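Worksheet: one structure, shown below.
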Amino acid sequence: MVGSGPADRHPSITPTGDDAQGGQAHPRSVGFDVPAERYDRFMGRFSVGLAPQLADAAGVAPGMGVLDVGCGPGALTEVLAARVGASQVAAVDPSPAFVRVCGERVPGADVREGTAEALPFEDDAFDVALACLVTGFMKDAQAGVVEMSRVTRPGGRVAACFWDKDRHQMLEAAMGAVNAGHPLEGPPPTFVGGSRGELRTLLEHAGLTVEADDELTVSVTYETFDDFWQPVLRAPGPLEVIMASMTEDELAAAEAHARAGLPDEPFTLAATAWYAVGAV
Ligand SMILES: C[S@@+](CC[C@H](N)C(=O)[O-])C[C@H]1O[C@@H](n2cnc3c(N)ncnc32)[C@H](O)[C@@H]1O
């Protein structure tokens, strides 16, 4: 769990030390071991629309054995279980809180703690391995995709998606507000998979034959301004680090900025993700 505390006035979530990957950022302090409800309300509501599209793109169908890498609280795991049956689904995530909730939401699935870079499964164990919104948080995304390929049988598929860094209206509104209250130092963080072609490259470098490389779009409707803002205040992941460093005045300025740009009646925000599918 992260949280740099009020003393850290200018949090940096750019990569440093062992977590830097040749220019590809891994925000060292990102943490997801938080109550699943915080993730669900902030980003999980987008995953719900994205997960079935990724499953479609990967060709998940009855009879297959499938693996959800970085399952979080289980948005994709639930979709996979509905398609192939829970006993045919495995899922893995480093967050104990998310693993617990995912296991509760998908009884009968094999849900384990672990990371993409060291998957706790045998070679060729699955027909399809998927990672929904995970590459940007792996310590070594290339190693993670190589592992996904290892546990997928020859002829099977590996699929991954990640938000386009410039086309997520909720994150744009949230980050715009945060910046208005507390200007961030340095360039914005980057996440592996968030730019055109990055996922294709990861798959190709893992020796996969890329079958699809395109984008997926989802929309989420917010009932009120608070339906948008309260989850931002309690967001897990990168935003948590920044939020924890802001004073009350800065948070108030951020909220005022966000309010000025959004209505207090139902509104819809869209987000686009890159995805790629490769054959083993
Ligand atoms: C943005 S969430 C996505 C969760 C879920 N797949 C979804 O679509 O809602 C990113 C997830 O990646 C997990 N994660 C972080 N580092 C990871 C790693 N090295 N290997 C696998 N999962 C990781 C986090 O714990 C978190 O659950």
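All residue names refer to the structure tokens as shown: chains lettered A, B, ... in order, residues numbered from 1 in each chain, ligands numbered from 1 in order.
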
Original post:
Can you list, as a count of residues only, every residue of region 20-112 of chain A that DSSP puts in alpha helix (DSSP H)?
Top reply: 38

Tell me, counting only C-alpha atoms and all ligand atoms, for each residue of chain A within 7 Å of ligand 1, which pair of atoms is nearest and how far apart they are in Å to one decimal, in rows ordered by chain and increasing number, as a Markdown table.
```
| residue | atom | partner | partner_atom_place_in_ligand_line | distance |
| --- | --- | --- | --- | --- |
| A:Gly31 | CA | ligand 1 | 25 (O) | 7.0 |
| A:Phe32 | CA | ligand 1 | 25 (O) | 4.8 |
| A:Asp33 | CA | ligand 1 | 25 (O) | 6.8 |
| A:Met43 | CA | ligand 1 | 9 (O) | 6.9 |
| A:Gly44 | CA | ligand 1 | 9 (O) | 5.0 |
| A:Ser47 | CA | ligand 1 | 8 (O) | 4.7 |
| A:Ala51 | CA | ligand 1 | 8 (O) | 6.5 |
| A:Val69 | CA | ligand 1 | 21 (C) | 5.6 |
| A:Gly70 | CA | ligand 1 | 22 (N) | 3.4 |
| A:Cys71 | CA | ligand 1 | 6 (N) | 4.1 |
| A:Gly72 | CA | ligand 1 | 27 (O) | 3.3 |
| A:Pro73 | CA | ligand 1 | 9 (O) | 6.5 |
| A:Gly74 | CA | ligand 1 | 5 (C) | 6.3 |
| A:Ala75 | CA | ligand 1 | 9 (O) | 5.3 |
| A:Leu76 | CA | ligand 1 | 8 (O) | 6.1 |
| A:Val92 | CA | ligand 1 | 21 (C) | 6.8 |
| A:Asp93 | CA | ligand 1 | 22 (N) | 4.7 |
| A:Pro94 | CA | ligand 1 | 25 (O) | 5.2 |
| A:Ser95 | CA | ligand 1 | 25 (O) | 4.7 |
| A:Phe98 | CA | ligand 1 | 27 (O) | 6.5 |
| A:Gly114 | CA | ligand 1 | 21 (C) | 6.7 |
| A:Thr115 | CA | ligand 1 | 20 (N) | 3.6 |
| A:Ala116 | CA | ligand 1 | 20 (N) | 3.8 |
| A:Glu117 | CA | ligand 1 | 19 (N) | 6.0 |
| A:Ala131 | CA | ligand 1 | 6 (N) | 6.2 |
| A:Cys132 | CA | ligand 1 | 6 (N) | 4.3 |
| A:Leu133 | CA | ligand 1 | 3 (C) | 4.7 |
| A:Val134 | CA | ligand 1 | 12 (O) | 4.4 |
| A:Phe137 | CA | ligand 1 | 16 (N) | 4.7 |
| A:Met138 | CA | ligand 1 | 19 (N) | 3.7 |
| A:Lys139 | CA | ligand 1 | 19 (N) | 5.4 |
| A:Gly144 | CA | ligand 1 | 20 (N) | 7.0 |
```

Which residues of region 112-208 of chain A have any atom within 9 Å of an atom in region 229-242 of chain A when counting only C-alpha atoms, and what is the closest pair of atoms for each, with the distance in Å to one decimal? Order the rows by chain and rising number and write it as CSV.
```
residue,atom,partner,partner_atom,distance
A:Leu171,CA,A:Val232,CA,8.9
A:Ala174,CA,A:Val232,CA,6.7
A:Met175,CA,A:Leu239,CA,8.2
A:Val178,CA,A:Ile242,CA,8.0
A:His182,CA,A:Ile242,CA,8.6
A:Leu184,CA,A:Ile242,CA,8.5
```

Any chance you can output those residues with C-alpha atoms as a compact mmCIF listing (two decimals), in the first residue's frame?
```
# COMPACT_ATOMS: atom_id res chain seq x y z
CA LEU A 171 -8.32 10.23 -15.70
CA ALA A 174 -9.03 13.81 -12.36
CA MET A 175 -5.42 14.64 -13.24
CA VAL A 178 -5.13 17.44 -9.15
CA HIS A 182 -0.95 20.80 -6.66
CA LEU A 184 3.14 17.95 -10.41
```

**OP:** Work out how far CA of Met243 (chain A) is from CA of Pro188 (chain A), in Å to one decimal.
**Re:**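 Distance between the two atoms: 15.1 Å.
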
**OP:** Please run DSSP on the backbone and report, as a ChimeraX atom specification, all residues within region 16-254 of chain A that come out as strand (DSSP E or B).
**Re:** /A:21,24,66-69,89-93,110-113,115,118,126-132,152-168,209-222

Original post:
With only C-alpha atoms as the atoms that count, which of A:Asp227, A:Glu215, A:Asp68, A:Glu113 lies nearest to Gln53 (chain A)?
Top reply: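 Looking at the shortest contact to Gln53 (chain A), the residue is A:Glu215.
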
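Note that CA of Ala55 (chain A) and CA of Leu67 (chain A) are 11.0 Å apart.
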
**OP:** Write out as a PyMOL selection string which residues come within 12 Å of Val106 (chain A) when counting only C-alpha atoms, dropping same-chain ones fewer than 6 positions away.
**Re:** chain A and resi 71+73-82+85-91+98-100

Original post:
When you draw a straight line from CA of Asp56 (chain A) to CA of Ala279 (chain A), how long is it in Å?
Top reply: 14.8 Å

Original post:
If you count only C-alpha atoms, which residues fall within 6 Å of region 146-158 of chain A, apart from same-chain ones fewer than 3 positions away, as a PyMOL selection string?
Top reply: chain A and resi 122-130+143+206+277-280
